[in-house]
$ cat model27.pdb   # PDB, C-alpha atoms, pLDDT in the B column
ATOM      1  CA  MET K 270       0.000   0.000   0.000  1.00 53.00           C
ATOM      2  CA  TYR K 271       2.725   2.486   1.008  1.00 56.00           C
ATOM      3  CA  LYS K 272       6.470   2.219   0.566  1.00 66.00           C
ATOM      4  CA  LYS K 273       6.789   4.705   3.436  1.00 70.00           C
ATOM      5  CA  LEU K 274       3.913   5.496   5.796  1.00 73.00           C
ATOM      6  CA  PRO K 275       2.660   9.109   5.709  1.00 71.00           C
ATOM      7  CA  THR K 276       3.356   9.595   9.430  1.00 84.00           C
ATOM      8  CA  TYR K 277       2.935  13.395   9.376  1.00 86.00           C
ATOM      9  CA  ARG K 278      -0.573  13.086   7.876  1.00 88.00           C
ATOM     10  CA  TYR K 279      -1.429  10.168  10.181  1.00 91.00           C
ATOM     11  CA  LYS K 280      -0.507  12.252  13.251  1.00 94.00           C
ATOM     12  CA  LYS K 281      -2.713  15.126  12.081  1.00 94.00           C
ATOM     13  CA  THR K 282      -5.593  12.745  11.235  1.00 95.00           C
ATOM     14  CA  LEU K 283      -5.408  10.970  14.601  1.00 97.00           C
ATOM     15  CA  LYS K 284      -5.284  14.285  16.484  1.00 97.00           C
ATOM     16  CA  MET K 285      -8.429  15.545  14.743  1.00 97.00           C
ATOM     17  CA  LEU K 286     -10.162  12.160  15.136  1.00 97.00           C
ATOM     18  CA  LYS K 287      -9.562  12.308  18.889  1.00 97.00           C
ATOM     19  CA  GLU K 288     -11.022  15.836  18.970  1.00 97.00           C
ATOM     20  CA  VAL K 289     -14.218  15.062  17.040  1.00 97.00           C
ATOM     21  CA  CYS K 290     -14.827  11.521  18.331  1.00 97.00           C
ATOM     22  CA  PRO K 291     -12.788  10.606  21.420  1.00 97.00           C
ATOM     23  CA  ALA K 292     -11.997   6.959  22.102  1.00 96.00           C
ATOM     24  CA  PRO K 293     -13.389   4.536  22.958  1.00 97.00           C
ATOM     25  CA  SER K 294     -15.620   4.843  19.895  1.00 97.00           C
ATOM     26  CA  VAL K 295     -16.733   2.750  16.955  1.00 97.00           C
ATOM     27  CA  VAL K 296     -15.659   3.837  13.475  1.00 97.00           C
ATOM     28  CA  PHE K 297     -16.826   2.664  10.054  1.00 97.00           C
ATOM     29  CA  ASP K 298     -13.921   3.426   7.728  1.00 96.00           C
ATOM     30  CA  LEU K 299     -14.594   3.678   3.994  1.00 95.00           C
ATOM     31  CA  GLY K 300     -11.962   1.629   2.195  1.00 89.00           C
ATOM     32  CA  VAL K 301     -10.185  -1.618   2.959  1.00 90.00           C
ATOM     33  CA  ARG K 302      -8.203  -2.289   6.123  1.00 92.00           C
ATOM     34  CA  ASN K 303      -5.050  -0.191   5.966  1.00 90.00           C
ATOM     35  CA  PRO K 304      -2.207   1.003   8.210  1.00 92.00           C
ATOM     36  CA  PHE K 305      -4.357   3.804   9.645  1.00 93.00           C
ATOM     37  CA  SER K 306      -7.090   1.288  10.570  1.00 95.00           C
ATOM     38  CA  GLU K 307      -4.474  -0.383  12.767  1.00 95.00           C
ATOM     39  CA  ILE K 308      -3.441   2.959  14.280  1.00 96.00           C
ATOM     40  CA  MET K 309      -7.081   3.649  15.186  1.00 96.00           C
ATOM     41  CA  LYS K 310      -7.340   0.210  16.833  1.00 97.00           C
ATOM     42  CA  GLN K 311      -4.144   0.854  18.812  1.00 97.00           C
ATOM     43  CA  ASN K 312      -5.790   4.068  20.067  1.00 97.00           C
ATOM     44  CA  ASN K 313      -8.862   2.272  21.453  1.00 97.00           C
ATOM     45  CA  TYR K 314     -11.208   2.595  18.461  1.00 97.00           C
ATOM     46  CA  LYS K 315     -13.228  -0.332  17.191  1.00 97.00           C
ATOM     47  CA  VAL K 316     -12.920  -0.228  13.391  1.00 97.00           C
ATOM     48  CA  TYR K 317     -15.074  -1.680  10.635  1.00 97.00           C
ATOM     49  CA  ASN K 318     -13.891  -1.348   7.023  1.00 95.00           C
ATOM     50  CA  THR K 319     -15.536  -1.795   3.659  1.00 94.00           C
ATOM     51  CA  SER K 320     -14.359  -4.869   1.787  1.00 90.00           C
ATOM     52  CA  GLY K 321     -12.950  -3.346  -1.393  1.00 86.00           C
ATOM     53  CA  GLU K 322     -16.190  -2.997  -3.341  1.00 90.00           C
ATOM     54  CA  ASP K 323     -16.491  -0.228  -5.924  1.00 88.00           C
ATOM     55  CA  LEU K 324     -18.171   2.568  -3.957  1.00 88.00           C
ATOM     56  CA  ASP K 325     -19.286   4.274  -7.176  1.00 86.00           C
ATOM     57  CA  ASP K 326     -21.526   1.269  -7.886  1.00 90.00           C
ATOM     58  CA  ASN K 327     -22.166   0.033  -4.340  1.00 88.00           C
ATOM     59  CA  TYR K 328     -22.915   3.241  -2.473  1.00 87.00           C
ATOM     60  CA  GLU K 329     -25.693   1.954  -0.210  1.00 91.00           C
ATOM     61  CA  LEU K 330     -23.588   0.575   2.610  1.00 93.00           C
ATOM     62  CA  GLU K 331     -24.723  -1.547   5.534  1.00 93.00           C
ATOM     63  CA  ILE K 332     -23.336   0.337   8.507  1.00 94.00           C
ATOM     64  CA  PRO K 333     -23.581  -1.477  11.859  1.00 94.00           C
ATOM     65  CA  ASP K 334     -25.832   0.107  14.495  1.00 94.00           C
ATOM     66  CA  ASP K 335     -22.999   0.594  17.012  1.00 96.00           C
ATOM     67  CA  VAL K 336     -21.035   2.970  14.735  1.00 96.00           C
ATOM     68  CA  ASP K 337     -20.363   6.443  16.169  1.00 97.00           C
ATOM     69  CA  LEU K 338     -18.599   7.942  13.140  1.00 97.00           C
ATOM     70  CA  VAL K 339     -18.007   7.164   9.456  1.00 97.00           C
ATOM     71  CA  THR K 340     -14.521   8.013   8.208  1.00 97.00           C
ATOM     72  CA  GLY K 341     -13.013   8.260   4.749  1.00 94.00           C
ATOM     73  CA  PHE K 342      -9.335   9.110   4.541  1.00 93.00           C
ATOM     74  CA  GLU K 343      -8.190   9.768   0.971  1.00 86.00           C
ATOM     75  CA  ILE K 344     -11.031   7.712  -0.532  1.00 88.00           C
ATOM     76  CA  LEU K 345     -13.496  10.080  -2.190  1.00 88.00           C
ATOM     77  CA  GLU K 346     -11.012  11.399  -4.760  1.00 84.00           C
ATOM     78  CA  HIS K 347     -10.921   7.898  -6.291  1.00 76.00           C
ATOM     79  CA  LEU K 348     -14.659   7.921  -7.022  1.00 82.00           C
ATOM     80  CA  VAL K 349     -16.076   9.200 -10.283  1.00 85.00           C
ATOM     81  CA  SER K 350     -19.121  10.444  -8.363  1.00 91.00           C
ATOM     82  CA  PRO K 351     -18.871  10.651  -4.564  1.00 94.00           C
ATOM     83  CA  TYR K 352     -22.299  12.339  -4.293  1.00 95.00           C
ATOM     84  CA  PRO K 353     -24.464   9.143  -4.134  1.00 95.00           C
ATOM     85  CA  LEU K 354     -22.223   7.627  -1.464  1.00 95.00           C
ATOM     86  CA  LEU K 355     -22.275  10.782   0.680  1.00 96.00           C
ATOM     87  CA  LYS K 356     -26.020  11.245   0.216  1.00 95.00           C
ATOM     88  CA  ASN K 357     -26.781   7.629   1.215  1.00 94.00           C
ATOM     89  CA  ILE K 358     -24.477   7.177   4.218  1.00 95.00           C
ATOM     90  CA  LYS K 359     -26.714   6.040   7.073  1.00 93.00           C
ATOM     91  CA  ALA K 360     -24.890   7.868   9.842  1.00 95.00           C
ATOM     92  CA  ASN K 361     -25.094  11.194  11.632  1.00 96.00           C
ATOM     93  CA  ARG K 362     -21.379  12.040  11.692  1.00 97.00           C
ATOM     94  CA  ILE K 363     -18.525  11.829   9.187  1.00 98.00           C
ATOM     95  CA  PHE K 364     -14.838  12.701   9.211  1.00 98.00           C
ATOM     96  CA  LEU K 365     -13.240  12.879   5.766  1.00 97.00           C
ATOM     97  CA  THR K 366      -9.916  13.901   4.281  1.00 94.00           C
ATOM     98  CA  VAL K 367      -9.191  14.602   0.618  1.00 92.00           C
ATOM     99  CA  PRO K 368      -6.197  15.901  -1.312  1.00 88.00           C
ATOM    100  CA  ILE K 369      -6.467  19.515  -2.381  1.00 86.00           C
ATOM    101  CA  LYS K 370      -5.963  20.359  -6.050  1.00 77.00           C
ATOM    102  CA  LEU K 371      -2.501  21.860  -6.475  1.00 61.00           C
ATOM    103  CA  TRP K 372      -1.778  24.418  -9.169  1.00 57.00           C
ATOM    104  CA  PHE K 373       1.735  23.036  -9.679  1.00 56.00           C
ATOM    105  CA  ALA K 374       0.974  19.299  -9.956  1.00 60.00           C
ATOM    106  CA  LYS K 375      -1.312  17.097 -12.004  1.00 62.00           C
ATOM    107  CA  ALA K 376      -3.816  14.735 -10.367  1.00 64.00           C
ATOM    108  CA  TYR K 377      -2.255  11.503  -9.113  1.00 66.00           C
ATOM    109  CA  LYS K 378      -2.356   8.430 -11.374  1.00 61.00           C
ATOM    110  CA  SER K 379      -0.588   5.198 -10.477  1.00 65.00           C
ATOM    111  CA  LYS K 380       1.300   3.604 -13.345  1.00 74.00           C
ATOM    112  CA  THR K 381       0.772   0.086 -11.981  1.00 72.00           C
ATOM    113  CA  ASP K 382      -2.600   0.023 -10.180  1.00 69.00           C
ATOM    114  CA  PRO K 383      -5.704   1.047 -12.186  1.00 67.00           C
ATOM    115  CA  LEU K 384      -7.697   1.559  -8.954  1.00 65.00           C
ATOM    116  CA  ASP K 385      -5.105   3.929  -7.482  1.00 65.00           C
ATOM    117  CA  ARG K 386      -6.041   7.058  -9.410  1.00 60.00           C
ATOM    118  CA  HIS K 387      -7.497  10.385  -8.410  1.00 54.00           C
ATOM    119  CA  TYR K 388     -10.534  11.284 -10.446  1.00 65.00           C
ATOM    120  CA  HIS K 389     -11.013  14.356  -8.249  1.00 75.00           C
ATOM    121  CA  GLU K 390      -8.585  16.577  -6.433  1.00 80.00           C
ATOM    122  CA  PHE K 391     -10.909  19.104  -4.866  1.00 85.00           C
ATOM    123  CA  GLU K 392     -10.606  22.763  -4.154  1.00 88.00           C
ATOM    124  CA  PRO K 393     -11.957  23.230  -0.604  1.00 92.00           C
ATOM    125  CA  TRP K 394     -15.043  25.158  -1.767  1.00 93.00           C
ATOM    126  CA  GLN K 395     -15.911  22.299  -4.147  1.00 91.00           C
ATOM    127  CA  PHE K 396     -15.710  19.732  -1.369  1.00 94.00           C
ATOM    128  CA  ASP K 397     -17.757  21.942   0.957  1.00 96.00           C
ATOM    129  CA  TRP K 398     -20.407  22.261  -1.725  1.00 95.00           C
ATOM    130  CA  LEU K 399     -20.458  18.497  -2.325  1.00 94.00           C
ATOM    131  CA  LEU K 400     -20.943  17.854   1.403  1.00 96.00           C
ATOM    132  CA  GLU K 401     -23.639  20.507   1.813  1.00 96.00           C
ATOM    133  CA  LYS K 402     -25.499  19.338  -1.282  1.00 95.00           C
ATOM    134  CA  SER K 403     -25.409  15.703  -0.097  1.00 96.00           C
ATOM    135  CA  GLY K 404     -26.949  16.654   3.258  1.00 96.00           C
ATOM    136  CA  TRP K 405     -24.031  17.401   5.593  1.00 97.00           C
ATOM    137  CA  LYS K 406     -23.299  20.431   7.756  1.00 96.00           C
ATOM    138  CA  ILE K 407     -19.600  21.170   8.186  1.00 96.00           C
ATOM    139  CA  ILE K 408     -18.662  21.590  11.831  1.00 97.00           C
ATOM    140  CA  LYS K 409     -14.857  21.618  11.717  1.00 97.00           C
ATOM    141  CA  LYS K 410     -12.232  21.804   8.999  1.00 95.00           C
ATOM    142  CA  GLU K 411      -8.452  21.818   8.841  1.00 95.00           C
ATOM    143  CA  TYR K 412      -5.784  22.123   6.163  1.00 93.00           C
ATOM    144  CA  TRP K 413      -2.534  20.158   6.226  1.00 87.00           C
ATOM    145  CA  LYS K 414       0.680  20.425   4.319  1.00 76.00           C
ATOM    146  CA  ASN K 415       2.611  17.483   2.877  1.00 73.00           C
ATOM    147  CA  PRO K 416       6.260  18.350   3.446  1.00 64.00           C
ATOM    148  CA  SER K 417       8.854  16.374   1.518  1.00 69.00           C
ATOM    149  CA  LYS K 418      12.559  15.842   2.120  1.00 73.00           C
ATOM    150  CA  LYS K 419      13.199  15.643  -1.626  1.00 75.00           C
ATOM    151  CA  PHE K 420      14.924  18.415  -3.558  1.00 78.00           C
ATOM    152  CA  GLY K 421      13.279  20.458  -6.282  1.00 77.00           C
ATOM    153  CA  ILE K 422      10.700  23.135  -6.968  1.00 71.00           C
ATOM    154  CA  ARG K 423       7.600  21.025  -6.214  1.00 67.00           C
ATOM    155  CA  PRO K 424       8.985  19.602  -2.939  1.00 64.00           C
ATOM    156  CA  LEU K 425       9.825  23.155  -1.899  1.00 67.00           C
ATOM    157  CA  LEU K 426       6.307  24.350  -2.753  1.00 69.00           C
ATOM    158  CA  ARG K 427       4.825  21.447  -0.748  1.00 64.00           C
ATOM    159  CA  LYS K 428       6.426  22.860   2.404  1.00 70.00           C
ATOM    160  CA  PHE K 429       4.286  25.994   2.072  1.00 70.00           C
ATOM    161  CA  THR K 430       1.152  24.792   0.279  1.00 74.00           C
ATOM    162  CA  ASN K 431      -1.755  22.973   1.903  1.00 73.00           C
ATOM    163  CA  ARG K 432      -2.223  19.520   0.365  1.00 78.00           C
ATOM    164  CA  TYR K 433      -4.944  17.874   2.477  1.00 84.00           C
ATOM    165  CA  TYR K 434      -8.351  19.078   3.541  1.00 94.00           C
ATOM    166  CA  ALA K 435      -9.943  17.464   6.608  1.00 95.00           C
ATOM    167  CA  VAL K 436     -13.637  17.924   7.383  1.00 96.00           C
ATOM    168  CA  TYR K 437     -15.844  16.818  10.242  1.00 97.00           C
ATOM    169  CA  ALA K 438     -19.549  17.121   9.415  1.00 97.00           C
ATOM    170  CA  GLU K 439     -22.895  16.133  10.841  1.00 97.00           C
ATOM    171  CA  ARG K 440     -26.068  15.194   9.014  1.00 95.00           C
ATOM    172  CA  SER K 441     -27.931  18.409   8.259  1.00 87.00           C
ATOM    173  CA  LYS K 442     -31.520  18.872   9.374  1.00 79.00           C
ATOM    174  CA  GLU K 443     -32.161  21.441   6.636  1.00 72.00           C
ATOM    175  CA  SER K 444     -32.202  20.710   2.934  1.00 61.00           C
ATOM    176  CA  TYR K 445     -29.665  22.269   0.613  1.00 53.00           C
ATOM    177  CA  THR K 446     -31.190  25.208  -1.221  1.00 53.00           C
ATOM    178  CA  ASN K 447     -28.595  27.892  -1.932  1.00 53.00           C
ATOM    179  CA  TYR K 448     -25.881  27.544  -4.563  1.00 51.00           C
ATOM    180  CA  TYR K 449     -24.106  30.700  -3.391  1.00 52.00           C
ATOM    181  CA  LYS K 450     -23.998  29.495   0.208  1.00 54.00           C
ATOM    182  CA  GLY K 451     -21.830  26.574  -0.930  1.00 55.00           C
ATOM    183  CA  VAL K 452     -19.655  28.545  -3.322  1.00 57.00           C
ATOM    184  CA  LEU K 453     -18.978  31.355  -0.897  1.00 56.00           C
ATOM    185  CA  ASN K 454     -18.738  28.963   2.070  1.00 58.00           C
ATOM    186  CA  LEU K 455     -21.108  31.096   4.148  1.00 54.00           C
TER
END
$ encode --input "model27.pdb" --output "structure tokens"
Amino acid sequence: MYKKLPTYRYKKTLKMLKEVCPAPSVVFDLGVRNPFSEIMKQNNYKVYNTSGEDLDDNYELEIPDDVDLVTGFEILEHLVSPYPLLKNIKANRIFLTVPIKLWFAKAYKSKTDPLDRHYHEFEPWQFDWLLEKSGWKIIKKEYWKNPSKKFGIRPLLRKFTNRYYAVYAERSKESYTNYYKGVLNL
């Protein structure tokens, strides 16, 4: 899965997870079991994962009743259309992270794994709009950088440019009605 674990991002993700849903809690994590699933378990979270199904086609998930929070860490950018999945999640709370579109880099595309491609790299306002339109109210958001120890222009830019967008949201009681509210993030 990873040649080198993204420890900086994992630390930031775990810190925010503990803030929005302190352990012991039960998490339903979108995506297959991964190194961060194990980190959550080590920090007193019970973790369920999806089993590798295509979430574009199979977006109506069976989420166990004991789940406190649905998570999706770098998952939604791989979907052609994340809207049906977000709209149909049967939970009241979600915590998601996505890569932010960078002006100096193209979207990620693995040369060896056809499933490891980014169809979307969102601008934050786009992701906010997607969440609001699919019935979620954003409660907390953070931006994270992705520093690199490599040399070059892009690694240098990564030290100063936010790369990840983390959002905690709760199911909205009001229906989405205002395009400008989403665009202007009001």
$ resolve_selection --input "model27.pdb" --expression "the PyMOL selection byres ((chain K and resi 354-368) around 9)" --output "VMD selection string"
chain K and resid 282 285 to 286 289 324 to 325 327 to 332 336 to 346 350 to 353 369 to 371 389 to 392 396 399 to 400 402 to 405 431 to 441
$ closest_residue --input "model27.pdb" --among "K:Pro393, K:Phe420, K:Pro293, K:Lys281" --to "Gln311 in chain K" --atoms "only C-alpha atoms"
K:Pro293
$ resolve_selection --input "model27.pdb" --expression "the PyMOL selection byres ((chain K and resi 277) around 10)" --output "PyMOL selection string"
chain K and resi 274-276+278-282+413-416
$ resolve_selection --input "model27.pdb" --expression "the PyMOL selection byres ((chain K and resi 300) around 7)" --output "number ranges by chain"
K: 298-299, 301-302, 318-321, 344
$ atom_distance --input "model27.pdb" --atom1 "CA of Gln395 in chain K" --atom2 "CA of Asp326 in chain K"
22.1 Å
$ residues_around --input "model27.pdb" --residues "Val316 in chain K" --least-positions-apart "2" --cutoff "8 Å" --atoms "only C-alpha atoms" --output "list of chain:residue names"
K:Val295, K:Val296, K:Phe297, K:Asp298, K:Ser306, K:Met309, K:Lys310, K:Tyr314, K:Asn318
$ axis_aligned_box --input "model27.pdb" --around "range 357-364 of chain K" --padding-each-side "8 Å" --output "AutoDock Vina command-line options"
--center_x -20.8 --center_y 9.4 --center_z 6.5 --size_x 27.9 --size_y 22.7 --size_z 26.5
$ atom_distance --input "model27.pdb" --atom1 "CA of Lys406 in chain K" --atom2 "CA of Lys287 in chain K"
19.5 Å
$ atom_distance --input "model27.pdb" --atom1 "CA of Cys290 in chain K" --atom2 "CA of Ile407 in chain K"
14.8 Å
$ closest_residue --input "model27.pdb" --among "K:Ile422, K:Tyr317, K:Ile308, K:Glu288" --to "Lys409 in chain K" --atoms "only C-alpha atoms"
K:Glu288
$ decode --input "model27.pdb" --residues "range 309-369 of chain K" --atoms "C-alpha atoms" --output "compact mmCIF listing (two decimals), in the first residue's frame"
# COMPACT_ATOMS: atom_id res chain seq x y z
CA MET K 309 -7.08 3.65 15.19
CA LYS K 310 -7.34 0.21 16.83
CA GLN K 311 -4.14 0.85 18.81
CA ASN K 312 -5.79 4.07 20.07
CA ASN K 313 -8.86 2.27 21.45
CA TYR K 314 -11.21 2.59 18.46
CA LYS K 315 -13.23 -0.33 17.19
CA VAL K 316 -12.92 -0.23 13.39
CA TYR K 317 -15.07 -1.68 10.64
CA ASN K 318 -13.89 -1.35 7.02
CA THR K 319 -15.54 -1.80 3.66
CA SER K 320 -14.36 -4.87 1.79
CA GLY K 321 -12.95 -3.35 -1.39
CA GLU K 322 -16.19 -3.00 -3.34
CA ASP K 323 -16.49 -0.23 -5.92
CA LEU K 324 -18.17 2.57 -3.96
CA ASP K 325 -19.29 4.27 -7.18
CA ASP K 326 -21.53 1.27 -7.89
CA ASN K 327 -22.17 0.03 -4.34
CA TYR K 328 -22.92 3.24 -2.47
CA GLU K 329 -25.69 1.95 -0.21
CA LEU K 330 -23.59 0.58 2.61
CA GLU K 331 -24.72 -1.55 5.53
CA ILE K 332 -23.34 0.34 8.51
CA PRO K 333 -23.58 -1.48 11.86
CA ASP K 334 -25.83 0.11 14.49
CA ASP K 335 -23.00 0.59 17.01
CA VAL K 336 -21.03 2.97 14.73
CA ASP K 337 -20.36 6.44 16.17
CA LEU K 338 -18.60 7.94 13.14
CA VAL K 339 -18.01 7.16 9.46
CA THR K 340 -14.52 8.01 8.21
CA GLY K 341 -13.01 8.26 4.75
CA PHE K 342 -9.34 9.11 4.54
CA GLU K 343 -8.19 9.77 0.97
CA ILE K 344 -11.03 7.71 -0.53
CA LEU K 345 -13.50 10.08 -2.19
CA GLU K 346 -11.01 11.40 -4.76
CA HIS K 347 -10.92 7.90 -6.29
CA LEU K 348 -14.66 7.92 -7.02
CA VAL K 349 -16.08 9.20 -10.28
CA SER K 350 -19.12 10.44 -8.36
CA PRO K 351 -18.87 10.65 -4.56
CA TYR K 352 -22.30 12.34 -4.29
CA PRO K 353 -24.46 9.14 -4.13
CA LEU K 354 -22.22 7.63 -1.46
CA LEU K 355 -22.28 10.78 0.68
CA LYS K 356 -26.02 11.25 0.22
CA ASN K 357 -26.78 7.63 1.22
CA ILE K 358 -24.48 7.18 4.22
CA LYS K 359 -26.71 6.04 7.07
CA ALA K 360 -24.89 7.87 9.84
CA ASN K 361 -25.09 11.19 11.63
CA ARG K 362 -21.38 12.04 11.69
CA ILE K 363 -18.52 11.83 9.19
CA PHE K 364 -14.84 12.70 9.21
CA LEU K 365 -13.24 12.88 5.77
CA THR K 366 -9.92 13.90 4.28
CA VAL K 367 -9.19 14.60 0.62
CA PRO K 368 -6.20 15.90 -1.31
CA ILE K 369 -6.47 19.52 -2.38
